[in-house]
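Novice: For reference, the structure I am asking about is given below.
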Amino acid sequence: MSNNIELSIVMPCLNEAETLAICINKAQSFLNKNQIIGEIIVADNGSTDGSISIATSLSAIVINAEQKGYGSALKAGITAASGKYVIMGDADDSYDFSNLMPYLTELRNGKDLVMGNRFKGGIEKDAMPFLHKYLGNPILSFIGRLFFKINIGDFHCGLRGFSKKAYKTMNLKTSGMEFASEMVVKTKLNNLSIAEVPTKLHKDGRTRAPHLKTWSDGWRHLRFLMLYAPNWLFLYPGMLLAVIGLVMSIILVINPIEFSHFTLDIHTLLYTSAFLLVGIQFIIFYGLTKVFAVENELLPKSNRYNKLFKFINLEKGLIFGFILLIIGVFLSFKGLESWEDTEFGHLDKSTTLRIIIPAITSLQLGIQTILFSFFFSVLGLKK
């Protein structure tokens, strides 16, 4: 029979005795009404309020998830699912399990992930906290669309469907609330298809407070989005700092920049050189993070990643690093000659520092490049 199951409905559960029976009955009604061969799986995460007995009495399959966390519970339930498709949803009666056909229709049409959109489907009064509705969800969804070019409006809808095959491709790792974000991001990174359907959010039927914690779980989602987008976290800020630092440094080495009420001179040159150094460090961290994430299967490999090792390798890095060191040493000797011309006496700081600051910057960049090249090669040894 398990081979004939089309749909598995998975509900994560942690002390949901007040609403679990309602959700299971709605899900069973949906399966029976639409003559769908399916199963209902309750992924329990340590309930002590009788939730397991309720699920068992209603013929739901109970899976015990030993590791704590929203993501851990869902992974245990989804792994145990026998259906070709899986629809997951919270067991707090905030989503209507009797109205899942829009999800199943999209899945049958070949979509890999079908997301609910509560902002299009409607949010009942008091169903979503004010901060979640007007700050958390809109901002995190915007960041997700910006970072990953995913055209969906609600990243964190708890009701969503996907094919079991697509789920295996996603290779999800997280165990907490950020599991929801990881699923969307990994779908995009693996070039899987995404659809969105309007979904109504109802006020949940529990008398206790929800498990979701506004600030800590919001931070977990934001942290995940940043760490899985090293280009936005490291590369783009690094390129901006490096370009500003390089251009301004070149201008200030040639001449001070004079304005009507102030002048930018060697003191500013120190800061622009620091901009350049910090910017290069950001770019280096991008490269190291990318290699680490891909080689540890946190991010999928891509053609761009494979080309990275053809463009950057230990030998090229060492050559470029030693060139920077030679430039730094050369400029240092030029500064020494300038000092020698004064018989090692008083220096014209404005003139000398225009040589010494670029010299020190070149030496530091050379050392950074050499060290990065070695570490980059170590991380990419599998290649």
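Residue numbers start at 1 in each chain; chains themselves are named A, B, ... in the order of the structure tokens; ligands are numbered from 1 in the order shown.
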Pick out the residues sitting within 9 Å of Thr352 in chain A, and hand them over as a PDB file with C-alpha atoms, in the first residue's frame; count only C-alpha atoms, and ignore anything fewer than 6 positions along from it in its own chain.

Specialist:
ATOM      1  CA  LYS A 334      61.990  54.627  -1.962  1.00  0.00           C
ATOM      2  CA  GLY A 335      60.864  55.912   1.419  1.00  0.00           C
ATOM      3  CA  LEU A 336      64.239  55.028   2.884  1.00  0.00           C
ATOM      4  CA  SER A 338      63.789  59.959   0.890  1.00  0.00           C
ATOM      5  CA  TRP A 339      64.903  59.761   4.496  1.00  0.00           C
TER       6      TRP A 339
END

Novice: Please compute the CA of Asn306 in chain A-CA of Phe148 in chain A distance, one decimal, in Å.

Specialist: 19.7 Å

Novice: As a ChimeraX atom specification, please: the residues near range 363-374 of chain A (cut-off 6 Å, only C-alpha atoms, same-chain neighbours under 4 positions excluded).

Specialist: /A:314,317-318,321,324-325,328

Novice: Of the candidates A:Leu14, A:Ile326, A:Ile52, A:Val291, which one gets nearest to Ser72 in chain A if we count only C-alpha atoms?

Specialist: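 Of the candidates, the smallest distance to Ser72 in chain A is held by A:Leu14.
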
Novice: Pick out the closest residue to Ala274 in chain A from this set: A:Glu18, A:Asn313, A:Lys111, A:Pro358. Count only C-alpha atoms.

Specialist: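 Checking each candidate against Ala274 in chain A, we get A:Pro358 as the closest.
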
Novice: Identify, with DSSP run on backbone atoms, the residues in range 165-249 of chain A assigned to strand (DSSP E or B), and express the list as a ChimeraX atom specification.

Specialist: /A:194-198,201

Novice: Got time to write the residues from that selection, C-alpha atoms, as a compact mmCIF listing (two decimals), in the first residue's frame?

Specialist:
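Output saved as out38.txt:
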# COMPACT_ATOMS: atom_id res chain seq x y z
CA ILE A 194 8.36 27.06 -7.00
CA ALA A 195 4.68 27.99 -7.10
CA GLU A 196 2.62 30.08 -4.70
CA VAL A 197 -1.04 29.77 -3.73
CA PRO A 198 -3.18 32.10 -1.58
CA LEU A 201 -4.30 32.17 8.18

Novice: Using only C-alpha atoms, which residues sit within 12 Å of range 217-222 of chain A once same-chain residues fewer than 4 positions away are excluded, as a ChimeraX atom specification?

Specialist: /A:69-70,131-132,135-144,147,155-156,174-185,211-213,226-229,233

Novice: Would you mind exporting N, CA, C and O atoms of the selected residues as a tab-separated table (two decimals), in the first residue's frame?

Specialist:
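So the final result, stored in part22.tsv, reads:
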chain	number	residue	atom	x	y	z
A	69	GLY	N	13.54	20.63	18.14
A	69	GLY	CA	13.52	21.68	17.14
A	69	GLY	C	12.45	21.45	16.09
A	69	GLY	O	12.13	20.31	15.73
A	70	TYR	N	11.91	22.56	15.60
A	70	TYR	CA	10.87	22.52	14.57
A	70	TYR	C	11.36	21.79	13.32
A	70	TYR	O	10.68	20.92	12.78
A	131	LEU	N	4.05	42.66	14.99
A	131	LEU	CA	5.44	42.72	14.54
A	131	LEU	C	5.71	41.72	13.42
A	131	LEU	O	6.47	41.99	12.50
A	132	HIS	N	5.11	40.55	13.51
A	132	HIS	CA	5.30	39.53	12.46
A	132	HIS	C	4.67	39.99	11.15
A	132	HIS	O	5.25	39.80	10.08
A	135	LEU	N	6.43	43.79	10.17
A	135	LEU	CA	7.89	43.98	10.23
A	135	LEU	C	8.64	42.70	9.87
A	135	LEU	O	9.33	42.64	8.86
A	136	GLY	N	8.49	41.67	10.70
A	136	GLY	CA	9.30	40.47	10.54
A	136	GLY	C	9.12	39.77	9.20
A	136	GLY	O	10.08	39.62	8.43
A	137	ASN	N	7.90	39.34	8.90
A	137	ASN	CA	7.67	38.61	7.66
A	137	ASN	C	7.96	39.43	6.41
A	137	ASN	O	8.63	38.95	5.49
A	138	PRO	N	7.48	40.68	6.31
A	138	PRO	CA	7.77	41.46	5.10
A	138	PRO	C	9.26	41.71	4.89
A	138	PRO	O	9.76	41.59	3.77
A	139	ILE	N	9.98	42.02	5.98
A	139	ILE	CA	11.41	42.32	5.84
A	139	ILE	C	12.19	41.06	5.48
A	139	ILE	O	13.03	41.06	4.55
A	140	LEU	N	11.95	39.97	6.19
A	140	LEU	CA	12.68	38.73	5.90
A	140	LEU	C	12.34	38.20	4.51
A	140	LEU	O	13.21	37.68	3.81
A	141	SER	N	11.09	38.33	4.10
A	141	SER	CA	10.71	37.90	2.75
A	141	SER	C	11.38	38.77	1.70
A	141	SER	O	11.83	38.28	0.65
A	142	PHE	N	11.47	40.09	1.96
A	142	PHE	CA	12.16	40.99	1.03
A	142	PHE	C	13.64	40.63	0.91
A	142	PHE	O	14.19	40.58	-0.20
A	143	ILE	N	14.28	40.36	2.05
A	143	ILE	CA	15.69	39.98	2.03
A	143	ILE	C	15.87	38.68	1.25
A	143	ILE	O	16.81	38.53	0.46
A	144	GLY	N	14.96	37.74	1.45
A	144	GLY	CA	15.04	36.48	0.71
A	144	GLY	C	14.91	36.68	-0.79
A	144	GLY	O	15.65	36.09	-1.58
A	147	PHE	N	18.25	38.55	-1.94
A	147	PHE	CA	19.47	37.73	-1.89
A	147	PHE	C	19.44	36.59	-2.90
A	147	PHE	O	20.46	36.26	-3.50
A	155	PHE	N	7.82	34.07	2.73
A	155	PHE	CA	8.85	33.06	2.94
A	155	PHE	C	8.52	32.10	4.07
A	155	PHE	O	9.05	31.00	4.13
A	156	HIS	N	7.66	32.51	5.00
A	156	HIS	CA	7.55	31.78	6.25
A	156	HIS	C	6.18	31.16	6.49
A	156	HIS	O	5.84	30.83	7.62
A	174	THR	N	19.23	22.36	8.66
A	174	THR	CA	18.93	23.06	9.89
A	174	THR	C	17.89	22.32	10.72
A	174	THR	O	17.11	21.52	10.21
A	175	SER	N	17.87	22.63	12.03
A	175	SER	CA	17.00	21.91	12.95
A	175	SER	C	15.95	22.80	13.61
A	175	SER	O	15.03	22.28	14.23
A	176	GLY	N	16.07	24.11	13.50
A	176	GLY	CA	15.16	25.02	14.17
A	176	GLY	C	14.13	25.63	13.24
A	176	GLY	O	13.82	25.09	12.17
A	177	MET	N	13.62	26.79	13.64
A	177	MET	CA	12.60	27.47	12.85
A	177	MET	C	13.10	27.91	11.48
A	177	MET	O	12.32	28.10	10.55
A	178	GLU	N	14.43	28.08	11.34
A	178	GLU	CA	14.98	28.51	10.06
A	178	GLU	C	14.89	27.43	8.99
A	178	GLU	O	15.20	27.67	7.82
A	179	PHE	N	14.44	26.24	9.38
A	179	PHE	CA	14.18	25.16	8.43
A	179	PHE	C	13.26	25.63	7.31
A	179	PHE	O	13.42	25.26	6.15
A	180	ALA	N	12.29	26.50	7.67
A	180	ALA	CA	11.34	27.02	6.68
A	180	ALA	C	12.06	27.85	5.62
A	180	ALA	O	11.77	27.74	4.42
A	181	SER	N	12.99	28.70	6.04
A	181	SER	CA	13.76	29.51	5.09
A	181	SER	C	14.69	28.64	4.26
A	181	SER	O	14.85	28.86	3.06
A	182	GLU	N	15.33	27.67	4.91
A	182	GLU	CA	16.27	26.81	4.19
A	182	GLU	C	15.59	26.07	3.05
A	182	GLU	O	16.15	25.92	1.97
A	183	MET	N	14.36	25.62	3.28
A	183	MET	CA	13.65	24.89	2.24
A	183	MET	C	13.45	25.75	1.00
A	183	MET	O	13.68	25.29	-0.13
A	184	VAL	N	13.07	27.00	1.20
A	184	VAL	CA	12.84	27.89	0.06
A	184	VAL	C	14.16	28.20	-0.65
A	184	VAL	O	14.25	28.14	-1.88
A	185	VAL	N	15.19	28.51	0.13
A	185	VAL	CA	16.49	28.86	-0.45
A	185	VAL	C	17.09	27.68	-1.21
A	185	VAL	O	17.58	27.83	-2.34
A	211	HIS	N	4.98	28.43	20.19
A	211	HIS	CA	6.39	28.09	20.37
A	211	HIS	C	7.30	29.14	19.72
A	211	HIS	O	8.45	29.33	20.13
A	212	LEU	N	6.82	29.81	18.68
A	212	LEU	CA	7.63	30.78	17.94
A	212	LEU	C	7.99	31.96	18.82
A	212	LEU	O	7.13	32.57	19.46
A	213	LYS	N	9.29	32.29	18.88
A	213	LYS	CA	9.78	33.42	19.66
A	213	LYS	C	10.17	34.53	18.68
A	213	LYS	O	11.02	34.34	17.82
A	226	MET	N	21.68	35.33	5.66
A	226	MET	CA	22.98	35.98	5.44
A	226	MET	C	24.07	34.94	5.19
A	226	MET	O	24.90	35.09	4.29
A	227	LEU	N	24.09	33.88	6.00
A	227	LEU	CA	25.14	32.89	5.87
A	227	LEU	C	25.03	32.09	4.57
A	227	LEU	O	26.03	31.61	4.05
A	228	TYR	N	23.82	31.96	4.04
A	228	TYR	CA	23.64	31.24	2.79
A	228	TYR	C	23.74	32.15	1.57
A	228	TYR	O	23.55	31.72	0.45
A	229	ALA	N	24.02	33.43	1.82
A	229	ALA	CA	24.24	34.38	0.72
A	229	ALA	C	25.56	35.10	0.97
A	229	ALA	O	25.58	36.30	1.24
A	233	LEU	N	26.78	39.01	2.09
A	233	LEU	CA	27.40	39.21	3.40
A	233	LEU	C	28.84	39.68	3.28
A	233	LEU	O	29.29	40.51	4.07

Novice: Of the candidates A:Pro300, A:Gly83, A:Gly116, A:Gly46, which shows the shortest atom-to-atom distance to Asn99 in chain A, using only C-alpha atoms?

Specialist: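 Using only C-alpha atoms, the shortest distance to Asn99 in chain A belongs to A:Gly116.
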
Novice: Write down as JSON, numbers by chain the residues belonging to range 13-104 of chain A that are assigned alpha helix (DSSP H) by DSSP computed on the backbone.

Specialist: {"A": [20, 21, 22, 23, 24, 25, 26, 27, 28, 29, 30, 31, 32, 33, 51, 52, 53, 54, 55, 56, 57, 70, 71, 72, 73, 74, 75, 76, 77, 78, 79, 80, 101, 102, 103, 104]}

Novice: Let's have the selection written as an mmCIF file, in the first residue's frame, with N, CA and C atoms.

Specialist:
data_model
loop_
_atom_site.group_PDB
_atom_site.id
_atom_site.type_symbol
_atom_site.label_atom_id
_atom_site.label_comp_id
_atom_site.auth_asym_id
_atom_site.auth_seq_id
_atom_site.Cartn_x
_atom_site.Cartn_y
_atom_site.Cartn_z
ATOM 1 N N LEU A 20 -4.876 19.250 17.918
ATOM 2 C CA LEU A 20 -4.366 18.187 17.045
ATOM 3 C C LEU A 20 -5.493 17.372 16.417
ATOM 4 N N ALA A 21 -6.496 17.006 17.208
ATOM 5 C CA ALA A 21 -7.603 16.203 16.679
ATOM 6 C C ALA A 21 -8.347 16.946 15.578
ATOM 7 N N ILE A 22 -8.540 18.255 15.756
ATOM 8 C CA ILE A 22 -9.221 19.062 14.737
ATOM 9 C C ILE A 22 -8.448 19.003 13.423
ATOM 10 N N CYS A 23 -7.118 19.167 13.502
ATOM 11 C CA CYS A 23 -6.286 19.168 12.293
ATOM 12 C C CYS A 23 -6.301 17.806 11.613
ATOM 13 N N ILE A 24 -6.192 16.737 12.395
ATOM 14 C CA ILE A 24 -6.190 15.386 11.812
ATOM 15 C C ILE A 24 -7.534 15.095 11.141
ATOM 16 N N ASN A 25 -8.628 15.457 11.802
ATOM 17 C CA ASN A 25 -9.960 15.217 11.222
ATOM 18 C C ASN A 25 -10.143 15.991 9.915
ATOM 19 N N LYS A 26 -9.662 17.225 9.857
ATOM 20 C CA LYS A 26 -9.762 18.005 8.621
ATOM 21 C C LYS A 26 -8.937 17.375 7.515
ATOM 22 N N ALA A 27 -7.756 16.902 7.862
ATOM 23 C CA ALA A 27 -6.895 16.260 6.862
ATOM 24 C C ALA A 27 -7.534 14.973 6.346
ATOM 25 N N GLN A 28 -8.111 14.174 7.247
ATOM 26 C CA GLN A 28 -8.780 12.940 6.827
ATOM 27 C C GLN A 28 -9.990 13.249 5.950
ATOM 28 N N SER A 29 -10.707 14.305 6.306
ATOM 29 C CA SER A 29 -11.854 14.715 5.499
ATOM 30 C C SER A 29 -11.421 15.104 4.093
ATOM 31 N N PHE A 30 -10.309 15.799 3.991
ATOM 32 C CA PHE A 30 -9.794 16.195 2.679
ATOM 33 C C PHE A 30 -9.438 14.978 1.836
ATOM 34 N N LEU A 31 -8.739 14.021 2.432
ATOM 35 C CA LEU A 31 -8.345 12.821 1.696
ATOM 36 C C LEU A 31 -9.566 12.029 1.237
ATOM 37 N N ASN A 32 -10.546 11.866 2.136
ATOM 38 C CA ASN A 32 -11.742 11.085 1.797
ATOM 39 C C ASN A 32 -12.607 11.783 0.754
ATOM 40 N N LYS A 33 -12.808 13.068 0.923
ATOM 41 C CA LYS A 33 -13.668 13.822 0.018
ATOM 42 C C LYS A 33 -13.141 13.807 -1.412
ATOM 43 N N SER A 51 -0.857 14.315 23.365
ATOM 44 C CA SER A 51 -0.951 14.475 21.906
ATOM 45 C C SER A 51 -0.740 13.156 21.172
ATOM 46 N N ILE A 52 0.187 12.343 21.667
ATOM 47 C CA ILE A 52 0.490 11.074 21.001
ATOM 48 C C ILE A 52 -0.722 10.153 21.041
ATOM 49 N N SER A 53 -1.393 10.086 22.176
ATOM 50 C CA SER A 53 -2.581 9.233 22.304
ATOM 51 C C SER A 53 -3.690 9.698 21.365
ATOM 52 N N ILE A 54 -3.848 11.010 21.256
ATOM 53 C CA ILE A 54 -4.870 11.562 20.359
ATOM 54 C C ILE A 54 -4.578 11.167 18.919
ATOM 55 N N ALA A 55 -3.325 11.328 18.505
ATOM 56 C CA ALA A 55 -2.943 11.002 17.128
ATOM 57 C C ALA A 55 -3.145 9.520 16.843
ATOM 58 N N THR A 56 -2.746 8.683 17.788
ATOM 59 C CA THR A 56 -2.883 7.239 17.609
ATOM 60 C C THR A 56 -4.351 6.825 17.525
ATOM 61 N N SER A 57 -5.184 7.426 18.367
ATOM 62 C CA SER A 57 -6.610 7.081 18.379
ATOM 63 C C SER A 57 -7.306 7.461 17.081
ATOM 64 N N TYR A 70 11.908 22.557 15.604
ATOM 65 C CA TYR A 70 10.867 22.521 14.566
ATOM 66 C C TYR A 70 11.358 21.788 13.325
ATOM 67 N N GLY A 71 12.567 22.130 12.888
ATOM 68 C CA GLY A 71 13.124 21.485 11.704
ATOM 69 C C GLY A 71 13.391 20.009 11.920
ATOM 70 N N SER A 72 13.869 19.657 13.102
ATOM 71 C CA SER A 72 14.154 18.252 13.407
ATOM 72 C C SER A 72 12.881 17.411 13.359
ATOM 73 N N ALA A 73 11.793 17.953 13.931
ATOM 74 C CA ALA A 73 10.528 17.229 13.916
ATOM 75 C C ALA A 73 10.045 17.017 12.488
ATOM 76 N N LEU A 74 10.111 18.064 11.681
ATOM 77 C CA LEU A 74 9.648 17.946 10.300
ATOM 78 C C LEU A 74 10.510 16.976 9.501
ATOM 79 N N LYS A 75 11.813 17.020 9.693
ATOM 80 C CA LYS A 75 12.687 16.105 8.950
ATOM 81 C C LYS A 75 12.376 14.649 9.291
ATOM 82 N N ALA A 76 12.097 14.380 10.573
ATOM 83 C CA ALA A 76 11.759 13.024 10.971
ATOM 84 C C ALA A 76 10.451 12.578 10.316
ATOM 85 N N GLY A 77 9.464 13.465 10.308
ATOM 86 C CA GLY A 77 8.180 13.131 9.698
ATOM 87 C C GLY A 77 8.265 12.963 8.202
ATOM 88 N N ILE A 78 8.987 13.855 7.547
ATOM 89 C CA ILE A 78 9.107 13.794 6.089
ATOM 90 C C ILE A 78 9.903 12.566 5.648
ATOM 91 N N THR A 79 10.948 12.242 6.404
ATOM 92 C CA THR A 79 11.743 11.053 6.085
ATOM 93 C C THR A 79 10.895 9.791 6.148
ATOM 94 N N ALA A 80 9.974 9.762 7.099
ATOM 95 C CA ALA A 80 9.122 8.579 7.259
ATOM 96 C C ALA A 80 7.962 8.549 6.272
ATOM 97 N N MET A 101 -6.337 21.209 -1.834
ATOM 98 C CA MET A 101 -6.325 20.887 -3.259
ATOM 99 C C MET A 101 -5.494 21.854 -4.104
ATOM 100 N N PRO A 102 -5.489 23.177 -3.826
ATOM 101 C CA PRO A 102 -4.622 24.064 -4.629
ATOM 102 C C PRO A 102 -3.153 23.648 -4.577
ATOM 103 N N TYR A 103 -2.711 23.144 -3.424
ATOM 104 C CA TYR A 103 -1.328 22.679 -3.290
ATOM 105 C C TYR A 103 -1.117 21.408 -4.120
ATOM 106 N N LEU A 104 -2.014 20.449 -3.959
ATOM 107 C CA LEU A 104 -1.846 19.178 -4.655
ATOM 108 C C LEU A 104 -1.944 19.352 -6.164
#

Novice: For a test of reading the model, state the distance in Å between CA of Gly158 in chain A and CA of Met88 in chain A, rounded to one decimal.

Specialist: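 Taking CA of Gly158 in chain A and CA of Met88 in chain A, their separation equals 7.3 Å.
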
Novice: Which residue out of A:Ser302, A:Thr268, A:Asn231, A:Ser8 has the minimum interatomic distance to Thr289 in chain A when only C-alpha atoms are used?

Specialist: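 For Thr289 in chain A, the nearest of the given residues is A:Asn231.
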